[in-house]
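Enquirer: Input file: structure35.txt. Contents: compact mmCIF, N, CA and C atoms.
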```
# COMPACT_ATOMS: atom_id res chain seq x y z
N MET A 1 3.44 -43.30 -48.69
CA MET A 1 4.26 -42.48 -47.84
C MET A 1 4.13 -42.89 -46.39
N GLU A 2 5.25 -42.91 -45.74
CA GLU A 2 5.26 -43.27 -44.33
C GLU A 2 5.19 -42.02 -43.46
N PRO A 3 4.47 -42.06 -42.37
CA PRO A 3 4.45 -40.90 -41.46
C PRO A 3 5.79 -40.76 -40.78
N LEU A 4 6.14 -39.49 -40.54
CA LEU A 4 7.40 -39.19 -39.87
C LEU A 4 7.30 -39.51 -38.39
N GLN A 5 8.35 -40.03 -37.87
CA GLN A 5 8.40 -40.37 -36.45
C GLN A 5 9.33 -39.38 -35.73
N PHE A 6 8.82 -38.77 -34.68
CA PHE A 6 9.62 -37.86 -33.85
C PHE A 6 9.79 -38.48 -32.49
N SER A 7 10.96 -38.20 -31.90
CA SER A 7 11.16 -38.71 -30.55
C SER A 7 10.42 -37.79 -29.58
N PRO A 8 9.82 -38.36 -28.58
CA PRO A 8 9.08 -37.53 -27.62
C PRO A 8 10.03 -36.62 -26.84
N ILE A 9 9.56 -35.42 -26.57
CA ILE A 9 10.37 -34.45 -25.82
C ILE A 9 10.01 -34.57 -24.35
N ASP A 10 11.00 -34.80 -23.55
CA ASP A 10 10.79 -34.90 -22.11
C ASP A 10 11.17 -33.55 -21.50
N MET A 11 10.18 -32.72 -21.16
CA MET A 11 10.42 -31.37 -20.67
C MET A 11 11.10 -31.37 -19.30
N LYS A 12 10.92 -32.41 -18.54
CA LYS A 12 11.50 -32.44 -17.20
C LYS A 12 13.01 -32.62 -17.23
N ASN A 13 13.51 -33.33 -18.18
CA ASN A 13 14.94 -33.64 -18.22
C ASN A 13 15.69 -32.84 -19.29
N ASN A 14 15.02 -31.93 -19.96
CA ASN A 14 15.64 -31.17 -21.04
C ASN A 14 16.39 -29.96 -20.47
N PRO A 15 17.70 -29.84 -20.74
CA PRO A 15 18.45 -28.69 -20.22
C PRO A 15 18.02 -27.37 -20.85
N MET A 16 17.44 -27.42 -22.05
CA MET A 16 16.98 -26.19 -22.68
C MET A 16 15.86 -25.53 -21.88
N THR A 17 15.04 -26.33 -21.26
CA THR A 17 13.96 -25.81 -20.42
C THR A 17 14.54 -25.02 -19.25
N THR A 18 15.56 -25.54 -18.62
CA THR A 18 16.20 -24.86 -17.49
C THR A 18 16.83 -23.54 -17.94
N VAL A 19 17.48 -23.55 -19.08
CA VAL A 19 18.12 -22.34 -19.60
C VAL A 19 17.07 -21.28 -19.90
N LEU A 20 16.00 -21.68 -20.57
CA LEU A 20 14.94 -20.71 -20.91
C LEU A 20 14.26 -20.17 -19.66
N LEU A 21 14.07 -21.02 -18.65
CA LEU A 21 13.48 -20.57 -17.39
C LEU A 21 14.39 -19.57 -16.69
N ALA A 22 15.70 -19.81 -16.72
CA ALA A 22 16.65 -18.87 -16.12
C ALA A 22 16.64 -17.54 -16.86
N VAL A 23 16.59 -17.58 -18.19
CA VAL A 23 16.53 -16.34 -18.98
C VAL A 23 15.24 -15.57 -18.68
N LEU A 24 14.13 -16.27 -18.55
CA LEU A 24 12.86 -15.64 -18.22
C LEU A 24 12.91 -14.98 -16.84
N THR A 25 13.49 -15.66 -15.88
CA THR A 25 13.60 -15.12 -14.52
C THR A 25 14.46 -13.85 -14.50
N ILE A 26 15.60 -13.91 -15.18
CA ILE A 26 16.49 -12.75 -15.23
C ILE A 26 15.80 -11.58 -15.93
N SER A 27 15.09 -11.87 -17.00
CA SER A 27 14.38 -10.82 -17.73
C SER A 27 13.29 -10.19 -16.86
N ALA A 28 12.57 -10.99 -16.12
CA ALA A 28 11.51 -10.46 -15.25
C ALA A 28 12.11 -9.59 -14.15
N LEU A 29 13.22 -10.03 -13.55
CA LEU A 29 13.86 -9.22 -12.49
C LEU A 29 14.40 -7.91 -13.04
N LEU A 30 15.00 -7.95 -14.22
CA LEU A 30 15.48 -6.71 -14.84
C LEU A 30 14.33 -5.77 -15.16
N SER A 31 13.22 -6.30 -15.62
CA SER A 31 12.05 -5.48 -15.92
C SER A 31 11.52 -4.79 -14.67
N VAL A 32 11.45 -5.51 -13.56
CA VAL A 32 11.00 -4.91 -12.30
C VAL A 32 11.97 -3.81 -11.86
N GLY A 33 13.26 -4.08 -11.96
CA GLY A 33 14.26 -3.08 -11.58
C GLY A 33 14.19 -1.82 -12.43
N LEU A 34 14.07 -2.00 -13.73
CA LEU A 34 13.98 -0.84 -14.62
C LEU A 34 12.68 -0.06 -14.42
N CYS A 35 11.60 -0.75 -14.14
CA CYS A 35 10.32 -0.08 -13.86
C CYS A 35 10.44 0.74 -12.58
N TRP A 36 11.03 0.19 -11.54
CA TRP A 36 11.22 0.93 -10.28
C TRP A 36 12.09 2.16 -10.51
N ARG A 37 13.15 2.00 -11.29
CA ARG A 37 14.04 3.14 -11.57
C ARG A 37 13.31 4.23 -12.35
N TYR A 38 12.50 3.85 -13.31
CA TYR A 38 11.73 4.83 -14.08
C TYR A 38 10.76 5.60 -13.19
N VAL A 39 10.06 4.88 -12.33
CA VAL A 39 9.08 5.52 -11.45
C VAL A 39 9.78 6.49 -10.50
N SER A 40 10.91 6.09 -9.93
CA SER A 40 11.60 6.98 -9.00
C SER A 40 12.18 8.19 -9.72
N ASN A 41 12.69 8.03 -10.94
CA ASN A 41 13.19 9.17 -11.71
C ASN A 41 12.07 10.11 -12.12
N ALA A 42 10.91 9.57 -12.47
CA ALA A 42 9.77 10.41 -12.83
C ALA A 42 9.30 11.21 -11.61
N ARG A 43 9.30 10.59 -10.44
CA ARG A 43 8.90 11.29 -9.21
C ARG A 43 9.89 12.42 -8.90
N GLU A 44 11.17 12.15 -9.04
CA GLU A 44 12.19 13.18 -8.78
C GLU A 44 12.07 14.32 -9.79
N LEU A 45 11.78 14.00 -11.03
CA LEU A 45 11.61 15.03 -12.05
C LEU A 45 10.44 15.95 -11.70
N ARG A 46 9.32 15.37 -11.26
CA ARG A 46 8.17 16.19 -10.87
C ARG A 46 8.52 17.11 -9.70
N MET A 47 9.26 16.60 -8.72
CA MET A 47 9.64 17.44 -7.57
C MET A 47 10.56 18.57 -8.02
N LEU A 48 11.50 18.28 -8.90
CA LEU A 48 12.41 19.32 -9.38
C LEU A 48 11.67 20.36 -10.23
N GLN A 49 10.68 19.94 -10.99
CA GLN A 49 9.90 20.89 -11.77
C GLN A 49 9.10 21.82 -10.86
N VAL A 50 8.56 21.28 -9.77
CA VAL A 50 7.83 22.12 -8.82
C VAL A 50 8.78 23.13 -8.17
N GLN A 51 9.98 22.69 -7.80
CA GLN A 51 10.96 23.60 -7.22
C GLN A 51 11.37 24.68 -8.20
N ALA A 52 11.57 24.32 -9.46
CA ALA A 52 11.96 25.31 -10.47
C ALA A 52 10.85 26.33 -10.68
N THR A 53 9.61 25.88 -10.67
CA THR A 53 8.48 26.80 -10.81
C THR A 53 8.41 27.76 -9.63
N MET A 54 8.62 27.24 -8.42
CA MET A 54 8.60 28.11 -7.23
C MET A 54 9.73 29.13 -7.29
N ILE A 55 10.91 28.72 -7.74
CA ILE A 55 12.05 29.64 -7.84
C ILE A 55 11.74 30.73 -8.86
N ASN A 56 11.19 30.35 -10.00
CA ASN A 56 10.86 31.35 -11.02
C ASN A 56 9.78 32.32 -10.54
N ASN A 57 8.79 31.82 -9.80
CA ASN A 57 7.76 32.70 -9.25
C ASN A 57 8.35 33.66 -8.23
N ASN A 58 9.23 33.14 -7.36
CA ASN A 58 9.87 34.02 -6.37
C ASN A 58 10.73 35.07 -7.04
N ARG A 59 11.45 34.68 -8.08
CA ARG A 59 12.30 35.64 -8.81
C ARG A 59 11.46 36.74 -9.43
N ALA A 60 10.33 36.38 -10.04
CA ALA A 60 9.45 37.38 -10.66
C ALA A 60 8.88 38.32 -9.61
N THR A 61 8.51 37.77 -8.45
CA THR A 61 7.97 38.60 -7.38
C THR A 61 9.02 39.57 -6.85
N ILE A 62 10.23 39.09 -6.66
CA ILE A 62 11.31 39.95 -6.15
C ILE A 62 11.66 41.03 -7.17
N ASN A 63 11.69 40.68 -8.46
CA ASN A 63 11.96 41.68 -9.48
C ASN A 63 10.87 42.74 -9.53
N ALA A 64 9.62 42.33 -9.40
CA ALA A 64 8.51 43.30 -9.38
C ALA A 64 8.62 44.21 -8.16
N LEU A 65 8.97 43.64 -7.02
CA LEU A 65 9.13 44.44 -5.80
C LEU A 65 10.29 45.42 -5.96
N ALA A 66 11.39 44.97 -6.55
CA ALA A 66 12.55 45.85 -6.74
C ALA A 66 12.19 47.00 -7.68
N ASN A 67 11.44 46.70 -8.74
CA ASN A 67 11.01 47.76 -9.65
C ASN A 67 10.10 48.77 -8.96
N ASP A 68 9.17 48.28 -8.14
CA ASP A 68 8.28 49.18 -7.40
C ASP A 68 9.06 50.06 -6.43
N VAL A 69 10.04 49.47 -5.76
CA VAL A 69 10.83 50.24 -4.80
C VAL A 69 11.66 51.30 -5.52
N MET A 70 12.19 50.96 -6.69
CA MET A 70 12.96 51.94 -7.45
C MET A 70 12.06 53.10 -7.91
N GLU A 71 10.84 52.80 -8.29
CA GLU A 71 9.90 53.86 -8.66
C GLU A 71 9.56 54.73 -7.44
N TYR A 72 9.40 54.08 -6.29
CA TYR A 72 9.10 54.81 -5.06
C TYR A 72 10.26 55.72 -4.68
N SER A 73 11.48 55.26 -4.93
CA SER A 73 12.64 56.06 -4.55
C SER A 73 12.75 57.34 -5.38
N LYS A 74 12.11 57.40 -6.53
CA LYS A 74 12.11 58.63 -7.32
C LYS A 74 11.28 59.72 -6.64
N LYS A 75 10.25 59.32 -5.87
CA LYS A 75 9.39 60.27 -5.19
C LYS A 75 9.85 60.54 -3.77
N ASN A 76 10.46 59.56 -3.13
CA ASN A 76 10.87 59.70 -1.74
C ASN A 76 12.33 59.27 -1.64
N GLN A 77 13.22 60.24 -1.50
CA GLN A 77 14.66 59.98 -1.48
C GLN A 77 15.12 59.36 -0.16
N ALA A 78 14.27 59.33 0.86
CA ALA A 78 14.68 58.80 2.15
C ALA A 78 14.95 57.30 2.11
N ILE A 79 14.47 56.62 1.10
CA ILE A 79 14.68 55.17 1.01
C ILE A 79 16.00 54.82 0.34
N ASP A 80 16.68 55.82 -0.22
CA ASP A 80 17.94 55.57 -0.93
C ASP A 80 19.00 54.85 -0.10
N PRO A 81 19.23 55.20 1.18
CA PRO A 81 20.25 54.47 1.94
C PRO A 81 19.96 52.96 2.04
N ILE A 82 18.70 52.60 2.14
CA ILE A 82 18.34 51.18 2.20
C ILE A 82 18.62 50.52 0.86
N LEU A 83 18.27 51.19 -0.23
CA LEU A 83 18.51 50.63 -1.56
C LEU A 83 20.00 50.50 -1.83
N GLU A 84 20.78 51.45 -1.33
CA GLU A 84 22.23 51.37 -1.51
C GLU A 84 22.81 50.21 -0.71
N SER A 85 22.26 49.98 0.47
CA SER A 85 22.80 48.90 1.32
C SER A 85 22.55 47.51 0.73
N VAL A 86 21.44 47.35 -0.02
CA VAL A 86 21.16 46.04 -0.62
C VAL A 86 21.64 45.94 -2.06
N GLY A 87 22.22 47.03 -2.58
CA GLY A 87 22.82 46.99 -3.90
C GLY A 87 21.87 47.25 -5.05
N LEU A 88 20.67 47.77 -4.77
CA LEU A 88 19.75 48.09 -5.85
C LEU A 88 20.07 49.42 -6.51
N LYS A 89 20.70 50.29 -5.74
CA LYS A 89 21.02 51.61 -6.26
C LYS A 89 22.46 51.91 -5.89
N PRO A 90 23.25 52.42 -6.83
CA PRO A 90 24.64 52.73 -6.48
C PRO A 90 24.70 53.87 -5.48
N GLY A 91 25.55 53.70 -4.50
CA GLY A 91 25.71 54.74 -3.48
C GLY A 91 26.60 55.86 -3.98
N LYS A 92 26.65 56.90 -3.19
CA LYS A 92 27.49 58.02 -3.57
C LYS A 92 28.96 57.64 -3.58
N SER A 93 29.34 56.72 -2.72
CA SER A 93 30.73 56.27 -2.68
C SER A 93 31.03 55.28 -3.80
N ASN A 94 29.98 54.67 -4.37
CA ASN A 94 30.17 53.68 -5.43
C ASN A 94 30.17 54.29 -6.83
N LEU A 95 29.92 55.60 -6.94
CA LEU A 95 29.88 56.22 -8.25
C LEU A 95 31.27 56.24 -8.85
N PRO A 96 31.39 56.05 -10.12
CA PRO A 96 32.72 56.08 -10.73
C PRO A 96 33.28 57.51 -10.69
N ALA A 97 34.54 57.60 -10.39
CA ALA A 97 35.20 58.90 -10.30
C ALA A 97 35.45 59.41 -11.72
N THR A 98 35.19 60.70 -11.89
CA THR A 98 35.44 61.29 -13.19
C THR A 98 36.91 61.68 -13.27
N THR A 99 37.52 61.30 -14.32
CA THR A 99 38.94 61.61 -14.49
C THR A 99 39.09 62.59 -15.65
N LYS A 100 40.01 63.49 -15.47
CA LYS A 100 40.28 64.46 -16.53
C LYS A 100 41.20 63.80 -17.54
N PRO A 101 40.96 64.06 -18.80
CA PRO A 101 41.87 63.50 -19.81
C PRO A 101 43.24 64.18 -19.70
N THR A 102 44.24 63.38 -19.82
CA THR A 102 45.59 63.92 -19.72
C THR A 102 45.98 64.57 -21.04
N THR A 103 46.60 65.70 -20.94
CA THR A 103 47.06 66.42 -22.13
C THR A 103 48.56 66.48 -22.13
N LYS A 104 49.13 66.42 -23.27
CA LYS A 104 50.59 66.44 -23.36
C LYS A 104 51.08 67.80 -23.74
```
Using structure tokens, write down the structure from this file.

Expert:
Amino acid sequence: MEPLQFSPIDMKNNPMTTVLLAVLTISALLSVGLCWRYVSNARELRMLQVQATMINNNRATINALANDVMEYSKKNQAIDPILESVGLKPGKSNLPATTKPTTK
């Protein structure tokens, strides 16, 4: 049996080397871009989660305060005009008018 003979590969003059190097460069640049985008989106997500938590905490605090003020208004009627002005308690002018049923 005779040994197989292969032609030597000249890496410097081979166009396939240039194509593969270009593909590698493009892939590396895309990877850097996607990594940067992921990091910036993750940072924005954390900031939005902190804001949502603060909003929920403020809402709970305001609701607790409104409930306490409504309980206080049962004992002290002098606070009613303030509650009516902010819409926590219907005012005397905001009460629905009672209508008599019409008879034929």

Enquirer: Grab the atom C of Asn41 of chain A to atom N of Ala60 of chain A distance for me, in Å with one decimal place.

Expert: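 Atom N of Ala60 of chain A lies at a distance of 26.4 Å from atom C of Asn41 of chain A.
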
Enquirer: Rounded to one decimal in Å, what is the spacing between atom N of Lys89 of chain A and atom N of Asn76 of chain A?

Expert: 14.1 Å

Enquirer: Calculated over all atoms listed in the file, which of the candidates A:Val50, A:Leu88, A:Ala78, A:Val39 has the smallest distance to Ala66 of chain A?

Expert: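 Closest residue, counting all atoms listed in the file: A:Leu88.
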
Enquirer: Atom CA of Asn14 of chain A and atom CA of Ile26 of chain A, how far apart in Å?

Expert: 19.3 Å

Enquirer: So which bits of chain A end up helix (DSSP H, G or I) when you DSSP the backbone, as a ChimeraX atom specification?

Expert: /A:15-75,77-86

Enquirer: From the structure block, carefully write segment 56-82 of chain A out with N, CA and C atoms; format it as a PDB file, in the first residue's frame.

Expert:
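File written: selection-v3.pdb
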```pdb
ATOM      1  N   ASN A  56     -45.979  50.748  45.769  1.00  0.00           N
ATOM      2  CA  ASN A  56     -46.858  49.873  46.543  1.00  0.00           C
ATOM      3  C   ASN A  56     -46.801  50.188  48.034  1.00  0.00           C
ATOM      4  N   ASN A  57     -45.610  50.495  48.549  1.00  0.00           N
ATOM      5  CA  ASN A  57     -45.486  50.870  49.957  1.00  0.00           C
ATOM      6  C   ASN A  57     -46.210  52.180  50.242  1.00  0.00           C
ATOM      7  N   ASN A  58     -46.060  53.157  49.343  1.00  0.00           N
ATOM      8  CA  ASN A  58     -46.758  54.434  49.533  1.00  0.00           C
ATOM      9  C   ASN A  58     -48.265  54.247  49.480  1.00  0.00           C
ATOM     10  N   ARG A  59     -48.736  53.411  48.562  1.00  0.00           N
ATOM     11  CA  ARG A  59     -50.178  53.154  48.449  1.00  0.00           C
ATOM     12  C   ARG A  59     -50.708  52.518  49.729  1.00  0.00           C
ATOM     13  N   ALA A  60     -49.985  51.550  50.285  1.00  0.00           N
ATOM     14  CA  ALA A  60     -50.420  50.895  51.521  1.00  0.00           C
ATOM     15  C   ALA A  60     -50.444  51.884  52.681  1.00  0.00           C
ATOM     16  N   THR A  61     -49.444  52.760  52.734  1.00  0.00           N
ATOM     17  CA  THR A  61     -49.393  53.759  53.799  1.00  0.00           C
ATOM     18  C   THR A  61     -50.558  54.739  53.687  1.00  0.00           C
ATOM     19  N   ILE A  62     -50.848  55.189  52.481  1.00  0.00           N
ATOM     20  CA  ILE A  62     -51.946  56.136  52.272  1.00  0.00           C
ATOM     21  C   ILE A  62     -53.284  55.475  52.583  1.00  0.00           C
ATOM     22  N   ASN A  63     -53.462  54.217  52.190  1.00  0.00           N
ATOM     23  CA  ASN A  63     -54.699  53.515  52.507  1.00  0.00           C
ATOM     24  C   ASN A  63     -54.871  53.342  54.014  1.00  0.00           C
ATOM     25  N   ALA A  64     -53.795  53.021  54.719  1.00  0.00           N
ATOM     26  CA  ALA A  64     -53.868  52.890  56.179  1.00  0.00           C
ATOM     27  C   ALA A  64     -54.213  54.233  56.818  1.00  0.00           C
ATOM     28  N   LEU A  65     -53.612  55.303  56.316  1.00  0.00           N
ATOM     29  CA  LEU A  65     -53.912  56.638  56.841  1.00  0.00           C
ATOM     30  C   LEU A  65     -55.373  57.006  56.575  1.00  0.00           C
ATOM     31  N   ALA A  66     -55.864  56.700  55.383  1.00  0.00           N
ATOM     32  CA  ALA A  66     -57.260  57.012  55.057  1.00  0.00           C
ATOM     33  C   ALA A  66     -58.211  56.235  55.961  1.00  0.00           C
ATOM     34  N   ASN A  67     -57.895  54.970  56.211  1.00  0.00           N
ATOM     35  CA  ASN A  67     -58.736  54.177  57.115  1.00  0.00           C
ATOM     36  C   ASN A  67     -58.729  54.747  58.530  1.00  0.00           C
ATOM     37  N   ASP A  68     -57.556  55.153  59.017  1.00  0.00           N
ATOM     38  CA  ASP A  68     -57.465  55.746  60.350  1.00  0.00           C
ATOM     39  C   ASP A  68     -58.256  57.047  60.437  1.00  0.00           C
ATOM     40  N   VAL A  69     -58.181  57.855  59.389  1.00  0.00           N
ATOM     41  CA  VAL A  69     -58.901  59.129  59.392  1.00  0.00           C
ATOM     42  C   VAL A  69     -60.405  58.885  59.359  1.00  0.00           C
ATOM     43  N   MET A  70     -60.837  57.884  58.613  1.00  0.00           N
ATOM     44  CA  MET A  70     -62.267  57.570  58.568  1.00  0.00           C
ATOM     45  C   MET A  70     -62.752  57.091  59.940  1.00  0.00           C
ATOM     46  N   GLU A  71     -61.947  56.317  60.630  1.00  0.00           N
ATOM     47  CA  GLU A  71     -62.311  55.891  61.989  1.00  0.00           C
ATOM     48  C   GLU A  71     -62.360  57.092  62.935  1.00  0.00           C
ATOM     49  N   TYR A  72     -61.406  58.005  62.772  1.00  0.00           N
ATOM     50  CA  TYR A  72     -61.376  59.202  63.608  1.00  0.00           C
ATOM     51  C   TYR A  72     -62.607  60.070  63.351  1.00  0.00           C
ATOM     52  N   SER A  73     -63.055  60.103  62.112  1.00  0.00           N
ATOM     53  CA  SER A  73     -64.207  60.952  61.784  1.00  0.00           C
ATOM     54  C   SER A  73     -65.489  60.437  62.426  1.00  0.00           C
ATOM     55  N   LYS A  74     -65.535  59.173  62.826  1.00  0.00           N
ATOM     56  CA  LYS A  74     -66.709  58.654  63.524  1.00  0.00           C
ATOM     57  C   LYS A  74     -66.817  59.247  64.930  1.00  0.00           C
ATOM     58  N   LYS A  75     -65.670  59.595  65.536  1.00  0.00           N
ATOM     59  CA  LYS A  75     -65.658  60.154  66.884  1.00  0.00           C
ATOM     60  C   LYS A  75     -65.667  61.679  66.866  1.00  0.00           C
ATOM     61  N   ASN A  76     -65.076  62.270  65.845  1.00  0.00           N
ATOM     62  CA  ASN A  76     -64.972  63.727  65.778  1.00  0.00           C
ATOM     63  C   ASN A  76     -65.470  64.172  64.404  1.00  0.00           C
ATOM     64  N   GLN A  77     -66.668  64.734  64.374  1.00  0.00           N
ATOM     65  CA  GLN A  77     -67.302  65.132  63.118  1.00  0.00           C
ATOM     66  C   GLN A  77     -66.680  66.396  62.515  1.00  0.00           C
ATOM     67  N   ALA A  78     -65.834  67.093  63.256  1.00  0.00           N
ATOM     68  CA  ALA A  78     -65.251  68.334  62.757  1.00  0.00           C
ATOM     69  C   ALA A  78     -64.307  68.103  61.578  1.00  0.00           C
ATOM     70  N   ILE A  79     -63.848  66.892  61.390  1.00  0.00           N
ATOM     71  CA  ILE A  79     -62.917  66.598  60.292  1.00  0.00           C
ATOM     72  C   ILE A  79     -63.645  66.295  58.988  1.00  0.00           C
ATOM     73  N   ASP A  80     -64.972  66.156  59.052  1.00  0.00           N
ATOM     74  CA  ASP A  80     -65.746  65.805  57.857  1.00  0.00           C
ATOM     75  C   ASP A  80     -65.563  66.772  56.685  1.00  0.00           C
ATOM     76  N   PRO A  81     -65.537  68.097  56.887  1.00  0.00           N
ATOM     77  CA  PRO A  81     -65.338  68.982  55.723  1.00  0.00           C
ATOM     78  C   PRO A  81     -64.014  68.716  54.986  1.00  0.00           C
ATOM     79  N   ILE A  82     -62.980  68.374  55.725  1.00  0.00           N
ATOM     80  CA  ILE A  82     -61.693  68.071  55.093  1.00  0.00           C
ATOM     81  C   ILE A  82     -61.798  66.771  54.300  1.00  0.00           C
TER      82      ILE A  82
END
```
